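The next block holds one structure in the form of structure tokens; read it before the comments.
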Amino acid sequence: MIPLLLVWLRAAGLVGQSVALGGAAFALIVLRPGRRGCPPGARDRTLALTAFGALLAAAAQAGGLLALAAALADDGGWPLAAVLGSTTGVAGLIRITMAAGAALASLALRRVPESRTRGVVLFVTTVLLAFTGALASHSAGRMGGRPWLVGLDALHHAAAGIWVGGLICAAVVVVRAKVHPGEGWLRPFSGLAASAVAVLALTGAALSIEFVAAPAAALGTSYGAMVLTKIALFAALLAMGALNYRALRAPLDSVDGPPSRSARATVLPVRAGSIVWPRRLEVEAGLAIVTVLLAASVGSAPPAVDVRAERATFDEVRRVFTPGWPRLTAPTLAELATASALGDAEAPHTAEDTAWSEFGHHVAGLFILAMGLLAMLERSGRAPWARHWPLLFVGLTGFVGWNMDPEGWQTGRVGFWEHLLGLEVLQHRILLALTALLGLAEWRVHSGRDPESRWRYVFPFVCIAAGALLLTHAHDVNDAKFAFMMEISHLPLALVILVAGWARWLELRLPAPENVVPGRLWAPALALFGLLLVLYREG
């Protein structure tokens, strides 16, 4: 429970840190006083968002210190004083101080927007906040080359904060103010973001060489696999950023008037009343947040270069992704309870455990594959009855509730509250609740009773949340190598369900005909997600 909580708190802290630094840079550079064309209230809103980000970082850090104290608790209570006196505690207190200072500086600048002194204080405190993130990184724990690595990691944190936080602030301002990019007020951010991306790519490459070191480590460890997934998300962000940059440079008159033949290619993204570009900016900012969540998960795994004996080989990884016939039978609960030490993370994984888990994944995959295919059939217009495909979520929820975590109510090996507080069980229960919510909401939309209901946003929200959860998913098992063999299949699942979620989001948010292409993507992505579950192997 505590390790997962620390990952989530670290993720919240990194998001808050990014919003604080990116918001400060956005307010001081893009929305500086006297700049023409800025939306009314944009700077005030950005500074408020900056303060919120700093407070979120402080709260997450305080929560992390409390979680560490809880993990070390004994009959004498929580050793909070010992935790605060440790290197980790001192670094955490410094981080909380910088975050509080950044929040106060942001609020002070809101009251006196023209003050250069307050602007400098805000910039310095947010930069120092970003640099404190490196104090809890793998770089700070290395014995050799520590100062160089910490400085490199600090630059990486700062660049990520400026880019990600700036994207979030830009999305909030653009969506709230309902403005288009042709006015030119946002163009300075493209140069700022490009510089941050360049620093981020260079420092990321250097850190990957240091902590991954070899292709075998990239493919055979949790750290390496998550770094590769992070690179994939980074590439998607760059592609989305390129589209938004193209729209940002489009002529202003293209928004309201018909484009000329020579400018048609660059004008097309912003023709529909400046609606298309802000919606894509929402997706870019959302993907950036997901990437930060993955970065928090990367920071919780041991560096790939340090994993030797428990590193998976290429053949072992290949076997996990080798297609095979789905397992449609499983041991009975009595056979499983007899052969396996259910609920004991220290016990070795048995063949019955593997059979039970794969059976559950494969049957769930068949449900979701059928949903994706029926959703595609519905969109074809040839089978109106296929609109009831969300009802399959009822069967899926019932099956998953029975199959997952059999050490609980199914066999009675573990008590209810003890079971619920388990690391892996908690994640599964969240996914189960999301599944039930998704089925109810999506059938309400597709049944035709209320197609414009806000319930239609549940599908993309649940898909995106499920993707983020899969990226930070962890298994409570003693064998690190076996845990990696299970977790490595979750990374492609996460990417595919994120595609489904964001495509559905764009279909709902964009006007016709711009929503046609994303509308054609989410159902095949859902079917592919189901197919990957059908092919799931635990190695």
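Identifiers in this document derive from the order of the structure tokens: chains are assigned A, B, ..., residues are numbered from 1 separately in each chain, and ligands are numbered from 1 in order of occurrence.
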As a ChimeraX atom specification, please: the residues near range 361-369 of chain A (cut-off 7 Å, only C-alpha atoms, same-chain neighbours under 2 positions excluded). /A:326-328,357-359,371-373,392,396,526-528,530-531,533-534,536
Excluding range 506-510 of chain A and residues on its chain fewer than 3 positions from it, collect all residues at most 9 Å away from it, counting only C-alpha atoms, and give them as a PyMOL selection string. chain A and resi 275-276+279-280+283+456-457+501-503+513-520+522
Please tabulate, as a tab-separated table, the residues of range 18-48 of chain A that come within 7 Å of range 114-125 of chain A, each with its closest pair of atoms and the distance in Å to one decimal, counting only C-alpha atoms and ordering rows by chain, then residue number upward.
```
residue	atom	partner	partner_atom	distance
A:Ala24	CA	A:Phe123	CA	6.2
A:Leu28	CA	A:Gly119	CA	6.9
A:Pro33	CA	A:Glu114	CA	6.6
```
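Between CA of Leu535 in chain A and CA of Val320 in chain A the separation is 8.7 Å.
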Which of range 298-442 of chain A fall in helix (DSSP H, G or I), as number ranges by chain: A: 298-300, 304-306, 314-320, 333-339, 351-380, 384-403, 416-420, 423-442
Go ahead and write the selection's residues with C-alpha atoms as an mmCIF file, in the first residue's frame.
```cif
data_model
loop_
_atom_site.group_PDB
_atom_site.id
_atom_site.type_symbol
_atom_site.label_atom_id
_atom_site.label_comp_id
_atom_site.auth_asym_id
_atom_site.auth_seq_id
_atom_site.Cartn_x
_atom_site.Cartn_y
_atom_site.Cartn_z
ATOM 1 C CA VAL A 298 9.981 5.608 -13.496
ATOM 2 C CA GLY A 299 11.471 7.304 -10.438
ATOM 3 C CA SER A 300 10.087 4.575 -8.180
ATOM 4 C CA ALA A 304 18.049 -0.505 -15.111
ATOM 5 C CA VAL A 305 21.827 -0.408 -14.950
ATOM 6 C CA ASP A 306 21.703 -1.673 -11.346
ATOM 7 C CA PHE A 314 15.075 -10.888 -24.804
ATOM 8 C CA ASP A 315 13.698 -14.407 -25.312
ATOM 9 C CA GLU A 316 11.730 -14.207 -22.068
ATOM 10 C CA VAL A 317 10.212 -10.878 -23.098
ATOM 11 C CA ARG A 318 9.499 -12.211 -26.587
ATOM 12 C CA ARG A 319 7.587 -15.164 -25.140
ATOM 13 C CA VAL A 320 5.322 -12.792 -23.223
ATOM 14 C CA LEU A 333 -11.367 -22.194 -6.505
ATOM 15 C CA ALA A 334 -10.744 -25.297 -4.430
ATOM 16 C CA GLU A 335 -7.825 -26.362 -6.648
ATOM 17 C CA LEU A 336 -6.419 -22.845 -6.580
ATOM 18 C CA ALA A 337 -6.697 -22.585 -2.793
ATOM 19 C CA THR A 338 -4.991 -25.974 -2.363
ATOM 20 C CA ALA A 339 -2.099 -25.355 -4.752
ATOM 21 C CA ALA A 351 1.140 -22.747 -12.261
ATOM 22 C CA GLU A 352 -2.396 -22.522 -10.868
ATOM 23 C CA ASP A 353 -1.889 -18.819 -10.084
ATOM 24 C CA THR A 354 -0.735 -18.206 -13.650
ATOM 25 C CA ALA A 355 -3.624 -20.187 -15.129
ATOM 26 C CA TRP A 356 -6.181 -18.299 -13.043
ATOM 27 C CA SER A 357 -4.726 -14.893 -13.929
ATOM 28 C CA GLU A 358 -4.411 -15.593 -17.648
ATOM 29 C CA PHE A 359 -7.947 -17.000 -17.761
ATOM 30 C CA GLY A 360 -9.260 -13.792 -16.226
ATOM 31 C CA HIS A 361 -7.350 -11.568 -18.640
ATOM 32 C CA HIS A 362 -8.367 -13.598 -21.679
ATOM 33 C CA VAL A 363 -12.099 -13.711 -20.918
ATOM 34 C CA ALA A 364 -12.102 -9.993 -20.094
ATOM 35 C CA GLY A 365 -10.274 -9.396 -23.370
ATOM 36 C CA LEU A 366 -12.971 -11.280 -25.300
ATOM 37 C CA PHE A 367 -15.624 -9.036 -23.732
ATOM 38 C CA ILE A 368 -13.745 -5.867 -24.692
ATOM 39 C CA LEU A 369 -12.851 -7.155 -28.165
ATOM 40 C CA ALA A 370 -16.556 -7.810 -28.779
ATOM 41 C CA MET A 371 -17.380 -4.285 -27.572
ATOM 42 C CA GLY A 372 -14.880 -2.722 -29.951
ATOM 43 C CA LEU A 373 -16.137 -4.746 -32.921
ATOM 44 C CA LEU A 374 -19.780 -3.945 -32.133
ATOM 45 C CA ALA A 375 -18.934 -0.245 -31.727
ATOM 46 C CA MET A 376 -17.321 -0.329 -35.175
ATOM 47 C CA LEU A 377 -20.410 -2.066 -36.546
ATOM 48 C CA GLU A 378 -22.632 0.598 -34.999
ATOM 49 C CA ARG A 379 -20.639 3.368 -36.654
ATOM 50 C CA SER A 380 -21.047 1.693 -40.029
ATOM 51 C CA PRO A 384 -28.613 -0.146 -35.346
ATOM 52 C CA TRP A 385 -28.989 -2.864 -32.710
ATOM 53 C CA ALA A 386 -25.208 -2.764 -32.144
ATOM 54 C CA ARG A 387 -25.664 0.506 -30.247
ATOM 55 C CA HIS A 388 -26.389 -1.582 -27.159
ATOM 56 C CA TRP A 389 -22.789 -2.821 -27.030
ATOM 57 C CA PRO A 390 -22.122 -1.017 -23.689
ATOM 58 C CA LEU A 391 -24.407 -3.570 -21.996
ATOM 59 C CA LEU A 392 -21.510 -6.016 -22.314
ATOM 60 C CA PHE A 393 -19.896 -4.013 -19.517
ATOM 61 C CA VAL A 394 -22.497 -5.534 -17.178
ATOM 62 C CA GLY A 395 -21.193 -9.015 -17.916
ATOM 63 C CA LEU A 396 -17.587 -7.835 -17.821
ATOM 64 C CA THR A 397 -18.019 -6.198 -14.405
ATOM 65 C CA GLY A 398 -19.619 -9.304 -12.963
ATOM 66 C CA PHE A 399 -16.929 -11.605 -14.324
ATOM 67 C CA VAL A 400 -14.017 -9.417 -13.233
ATOM 68 C CA GLY A 401 -15.539 -8.984 -9.767
ATOM 69 C CA TRP A 402 -15.646 -12.774 -9.402
ATOM 70 C CA ASN A 403 -12.257 -13.529 -10.970
ATOM 71 C CA PHE A 416 -12.363 -7.920 3.849
ATOM 72 C CA TRP A 417 -10.560 -4.806 5.166
ATOM 73 C CA GLU A 418 -7.117 -6.394 5.081
ATOM 74 C CA HIS A 419 -7.805 -7.437 1.514
ATOM 75 C CA LEU A 420 -9.074 -4.043 0.431
ATOM 76 C CA LEU A 423 -1.557 -2.698 -2.994
ATOM 77 C CA GLU A 424 -2.680 -4.776 -5.959
ATOM 78 C CA VAL A 425 -6.260 -5.216 -4.756
ATOM 79 C CA LEU A 426 -6.783 -1.471 -4.393
ATOM 80 C CA GLN A 427 -5.746 -0.892 -7.992
ATOM 81 C CA HIS A 428 -8.024 -3.682 -9.197
ATOM 82 C CA ARG A 429 -10.982 -2.305 -7.242
ATOM 83 C CA ILE A 430 -10.470 1.120 -8.817
ATOM 84 C CA LEU A 431 -10.448 -0.436 -12.284
ATOM 85 C CA LEU A 432 -13.586 -2.425 -11.436
ATOM 86 C CA ALA A 433 -15.411 0.720 -10.306
ATOM 87 C CA LEU A 434 -14.327 2.507 -13.485
ATOM 88 C CA THR A 435 -15.616 -0.398 -15.561
ATOM 89 C CA ALA A 436 -19.046 -0.305 -13.914
ATOM 90 C CA LEU A 437 -19.270 3.492 -14.299
ATOM 91 C CA LEU A 438 -18.240 3.278 -17.940
ATOM 92 C CA GLY A 439 -20.909 0.700 -18.799
ATOM 93 C CA LEU A 440 -23.723 2.679 -17.185
ATOM 94 C CA ALA A 441 -22.710 5.998 -18.741
ATOM 95 C CA GLU A 442 -21.950 4.757 -22.249
#
```
Taking only C-alpha atoms into account, produce a table as JSON lines in which each residue of range 83-175 of chain A with an atom at most 8 Å from an atom of range 43-61 of chain A appears once, together with its shortest atom pair and the distance in Å to one decimal, ordered by chain and rising number.
```
{"residue": "A:Gly92", "atom": "CA", "partner": "A:Gln61", "partner_atom": "CA", "distance": 6.2}
{"residue": "A:Arg95", "atom": "CA", "partner": "A:Ala58", "partner_atom": "CA", "distance": 7.1}
{"residue": "A:Ile96", "atom": "CA", "partner": "A:Ala58", "partner_atom": "CA", "distance": 4.7}
{"residue": "A:Thr97", "atom": "CA", "partner": "A:Ala58", "partner_atom": "CA", "distance": 7.8}
{"residue": "A:Ala99", "atom": "CA", "partner": "A:Ala54", "partner_atom": "CA", "distance": 4.8}
{"residue": "A:Ala100", "atom": "CA", "partner": "A:Leu55", "partner_atom": "CA", "distance": 6.5}
{"residue": "A:Ala102", "atom": "CA", "partner": "A:Ala54", "partner_atom": "CA", "distance": 6.1}
{"residue": "A:Ala103", "atom": "CA", "partner": "A:Ala51", "partner_atom": "CA", "distance": 4.2}
{"residue": "A:Leu104", "atom": "CA", "partner": "A:Ala51", "partner_atom": "CA", "distance": 7.2}
{"residue": "A:Ser106", "atom": "CA", "partner": "A:Leu47", "partner_atom": "CA", "distance": 5.6}
{"residue": "A:Leu107", "atom": "CA", "partner": "A:Ala51", "partner_atom": "CA", "distance": 6.6}
{"residue": "A:Leu109", "atom": "CA", "partner": "A:Leu47", "partner_atom": "CA", "distance": 7.7}
{"residue": "A:Arg110", "atom": "CA", "partner": "A:Asp44", "partner_atom": "CA", "distance": 6.0}
{"residue": "A:Thr126", "atom": "CA", "partner": "A:Ala54", "partner_atom": "CA", "distance": 8.0}
{"residue": "A:Cys169", "atom": "CA", "partner": "A:Thr46", "partner_atom": "CA", "distance": 6.2}
{"residue": "A:Val173", "atom": "CA", "partner": "A:Thr46", "partner_atom": "CA", "distance": 7.5}
```
Can I get the selected residues back with C-alpha atoms, as an mmCIF file, in the first residue's frame?
```
data_model
loop_
_atom_site.group_PDB
_atom_site.id
_atom_site.type_symbol
_atom_site.label_atom_id
_atom_site.label_comp_id
_atom_site.auth_asym_id
_atom_site.auth_seq_id
_atom_site.Cartn_x
_atom_site.Cartn_y
_atom_site.Cartn_z
ATOM 1 C CA GLY A 92 11.523 17.299 1.712
ATOM 2 C CA ARG A 95 10.987 21.436 -1.065
ATOM 3 C CA ILE A 96 7.971 22.347 1.057
ATOM 4 C CA THR A 97 9.583 25.700 1.914
ATOM 5 C CA ALA A 99 6.724 25.480 -2.713
ATOM 6 C CA ALA A 100 5.206 27.678 -0.010
ATOM 7 C CA ALA A 102 6.370 30.123 -4.731
ATOM 8 C CA ALA A 103 2.686 30.131 -3.753
ATOM 9 C CA LEU A 104 3.082 33.313 -1.691
ATOM 10 C CA SER A 106 2.437 34.147 -7.012
ATOM 11 C CA LEU A 107 -0.357 35.530 -4.859
ATOM 12 C CA LEU A 109 2.263 39.260 -7.858
ATOM 13 C CA ARG A 110 -1.481 38.943 -8.470
ATOM 14 C CA THR A 126 9.620 28.195 -8.794
ATOM 15 C CA CYS A 169 -1.764 27.053 -18.479
ATOM 16 C CA VAL A 173 -6.456 30.210 -20.775
#
```
Taking a cut-off of 9 Å and counting only C-alpha atoms, can you build a table that, for each residue of range 73-184 of chain A near range 195-209 of chain A, reports the nearest atom pair and how far apart they are in Å (one decimal), sorted by chain then residue number, as JSON lines?
```
{"residue": "A:Ser139", "atom": "CA", "partner": "A:Leu207", "partner_atom": "CA", "distance": 8.7}
{"residue": "A:Leu149", "atom": "CA", "partner": "A:Leu207", "partner_atom": "CA", "distance": 7.8}
{"residue": "A:Leu152", "atom": "CA", "partner": "A:Thr203", "partner_atom": "CA", "distance": 6.2}
{"residue": "A:Asp153", "atom": "CA", "partner": "A:Thr203", "partner_atom": "CA", "distance": 7.2}
{"residue": "A:Leu155", "atom": "CA", "partner": "A:Thr203", "partner_atom": "CA", "distance": 7.2}
{"residue": "A:His156", "atom": "CA", "partner": "A:Leu200", "partner_atom": "CA", "distance": 5.4}
{"residue": "A:His157", "atom": "CA", "partner": "A:Leu200", "partner_atom": "CA", "distance": 8.1}
{"residue": "A:Ala158", "atom": "CA", "partner": "A:Ala196", "partner_atom": "CA", "distance": 8.2}
{"residue": "A:Ala159", "atom": "CA", "partner": "A:Ala196", "partner_atom": "CA", "distance": 4.7}
{"residue": "A:Ala160", "atom": "CA", "partner": "A:Leu200", "partner_atom": "CA", "distance": 6.3}
{"residue": "A:Gly161", "atom": "CA", "partner": "A:Ala196", "partner_atom": "CA", "distance": 8.6}
{"residue": "A:Ile162", "atom": "CA", "partner": "A:Ala196", "partner_atom": "CA", "distance": 6.5}
{"residue": "A:Trp163", "atom": "CA", "partner": "A:Ala196", "partner_atom": "CA", "distance": 5.9}
```
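Neighbours of Gly166 in chain A closer than or equal to 10 Å, with only C-alpha atoms counted and sequence neighbours fewer than 3 positions away skipped, come out as Ser18, Val19, Ala20, Leu21, Gly22, Gly23, Ala24, Ala25, Phe26, Ala27, Val30, Thr46, Ala160, Gly161, Ile162, Trp163, Cys169, Ala170, Ala171, Val172, Phe189, Ser190, Leu192, Ala193 and Ala285 of chain A.
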Just the selected residues (N, CA and C atoms), exported as an mmCIF file, in the first residue's frame, please.
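Now in selection11.cif:
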```cif
data_model
loop_
_atom_site.group_PDB
_atom_site.id
_atom_site.type_symbol
_atom_site.label_atom_id
_atom_site.label_comp_id
_atom_site.auth_asym_id
_atom_site.auth_seq_id
_atom_site.Cartn_x
_atom_site.Cartn_y
_atom_site.Cartn_z
ATOM 1 N N SER A 18 5.338 21.208 -11.953
ATOM 2 C CA SER A 18 5.295 21.637 -13.351
ATOM 3 C C SER A 18 4.346 22.809 -13.542
ATOM 4 N N VAL A 19 3.174 22.732 -12.909
ATOM 5 C CA VAL A 19 2.213 23.825 -13.031
ATOM 6 C C VAL A 19 2.777 25.105 -12.424
ATOM 7 N N ALA A 20 3.499 24.987 -11.307
ATOM 8 C CA ALA A 20 4.069 26.175 -10.663
ATOM 9 C C ALA A 20 5.126 26.832 -11.541
ATOM 10 N N LEU A 21 6.101 26.052 -12.006
ATOM 11 C CA LEU A 21 7.171 26.640 -12.819
ATOM 12 C C LEU A 21 6.659 27.058 -14.189
ATOM 13 N N GLY A 22 5.866 26.164 -14.833
ATOM 14 C CA GLY A 22 5.330 26.525 -16.144
ATOM 15 C C GLY A 22 4.391 27.707 -16.073
ATOM 16 N N GLY A 23 3.584 27.771 -15.004
ATOM 17 C CA GLY A 23 2.687 28.911 -14.854
ATOM 18 C C GLY A 23 3.437 30.208 -14.642
ATOM 19 N N ALA A 24 4.517 30.165 -13.835
ATOM 20 C CA ALA A 24 5.324 31.374 -13.620
ATOM 21 C C ALA A 24 5.947 31.855 -14.920
ATOM 22 N N ALA A 25 6.527 30.923 -15.691
ATOM 23 C CA ALA A 25 7.138 31.300 -16.972
ATOM 24 C C ALA A 25 6.087 31.838 -17.936
ATOM 25 N N PHE A 26 4.917 31.219 -17.946
ATOM 26 C CA PHE A 26 3.842 31.652 -18.843
ATOM 27 C C PHE A 26 3.368 33.057 -18.476
ATOM 28 N N ALA A 27 3.218 33.309 -17.178
ATOM 29 C CA ALA A 27 2.739 34.621 -16.738
ATOM 30 C C ALA A 27 3.777 35.707 -16.975
ATOM 31 N N VAL A 30 4.944 35.090 -21.513
ATOM 32 C CA VAL A 30 3.890 35.129 -22.528
ATOM 33 C C VAL A 30 2.852 36.196 -22.198
ATOM 34 N N THR A 46 -3.660 32.653 -14.576
ATOM 35 C CA THR A 46 -2.432 31.863 -14.625
ATOM 36 C C THR A 46 -1.685 31.911 -13.300
ATOM 37 N N ALA A 160 11.088 20.182 -18.099
ATOM 38 C CA ALA A 160 9.780 19.521 -18.116
ATOM 39 C C ALA A 160 8.709 20.416 -17.508
ATOM 40 N N GLY A 161 9.058 21.117 -16.423
ATOM 41 C CA GLY A 161 8.093 21.988 -15.781
ATOM 42 C C GLY A 161 7.664 23.138 -16.675
ATOM 43 N N ILE A 162 8.621 23.769 -17.341
ATOM 44 C CA ILE A 162 8.292 24.898 -18.217
ATOM 45 C C ILE A 162 7.394 24.447 -19.359
ATOM 46 N N TRP A 163 7.713 23.296 -19.932
ATOM 47 C CA TRP A 163 6.935 22.809 -21.078
ATOM 48 C C TRP A 163 5.553 22.317 -20.640
ATOM 49 N N CYS A 169 -1.278 25.673 -18.606
ATOM 50 C CA CYS A 169 -1.764 27.053 -18.479
ATOM 51 C C CYS A 169 -2.324 27.565 -19.805
ATOM 52 N N ALA A 170 -1.641 27.252 -20.908
ATOM 53 C CA ALA A 170 -2.134 27.679 -22.216
ATOM 54 C C ALA A 170 -3.501 27.076 -22.503
ATOM 55 N N ALA A 171 -3.667 25.790 -22.181
ATOM 56 C CA ALA A 171 -4.954 25.133 -22.422
ATOM 57 C C ALA A 171 -6.054 25.773 -21.588
ATOM 58 N N VAL A 172 -5.763 26.047 -20.319
ATOM 59 C CA VAL A 172 -6.774 26.653 -19.440
ATOM 60 C C VAL A 172 -7.164 28.038 -19.945
ATOM 61 N N PHE A 189 5.153 31.595 -26.586
ATOM 62 C CA PHE A 189 5.240 30.314 -25.886
ATOM 63 C C PHE A 189 5.842 29.232 -26.767
ATOM 64 N N SER A 190 5.649 29.332 -28.090
ATOM 65 C CA SER A 190 6.203 28.308 -28.971
ATOM 66 C C SER A 190 7.729 28.305 -28.899
ATOM 67 N N LEU A 192 9.529 29.443 -26.295
ATOM 68 C CA LEU A 192 9.853 28.987 -24.941
ATOM 69 C C LEU A 192 9.725 27.470 -24.845
ATOM 70 N N ALA A 193 8.645 26.927 -25.403
ATOM 71 C CA ALA A 193 8.429 25.481 -25.357
ATOM 72 C C ALA A 193 9.485 24.746 -26.167
ATOM 73 N N ALA A 285 -2.036 18.947 -23.583
ATOM 74 C CA ALA A 285 -1.824 19.173 -22.151
ATOM 75 C C ALA A 285 -2.145 17.913 -21.347
#
```
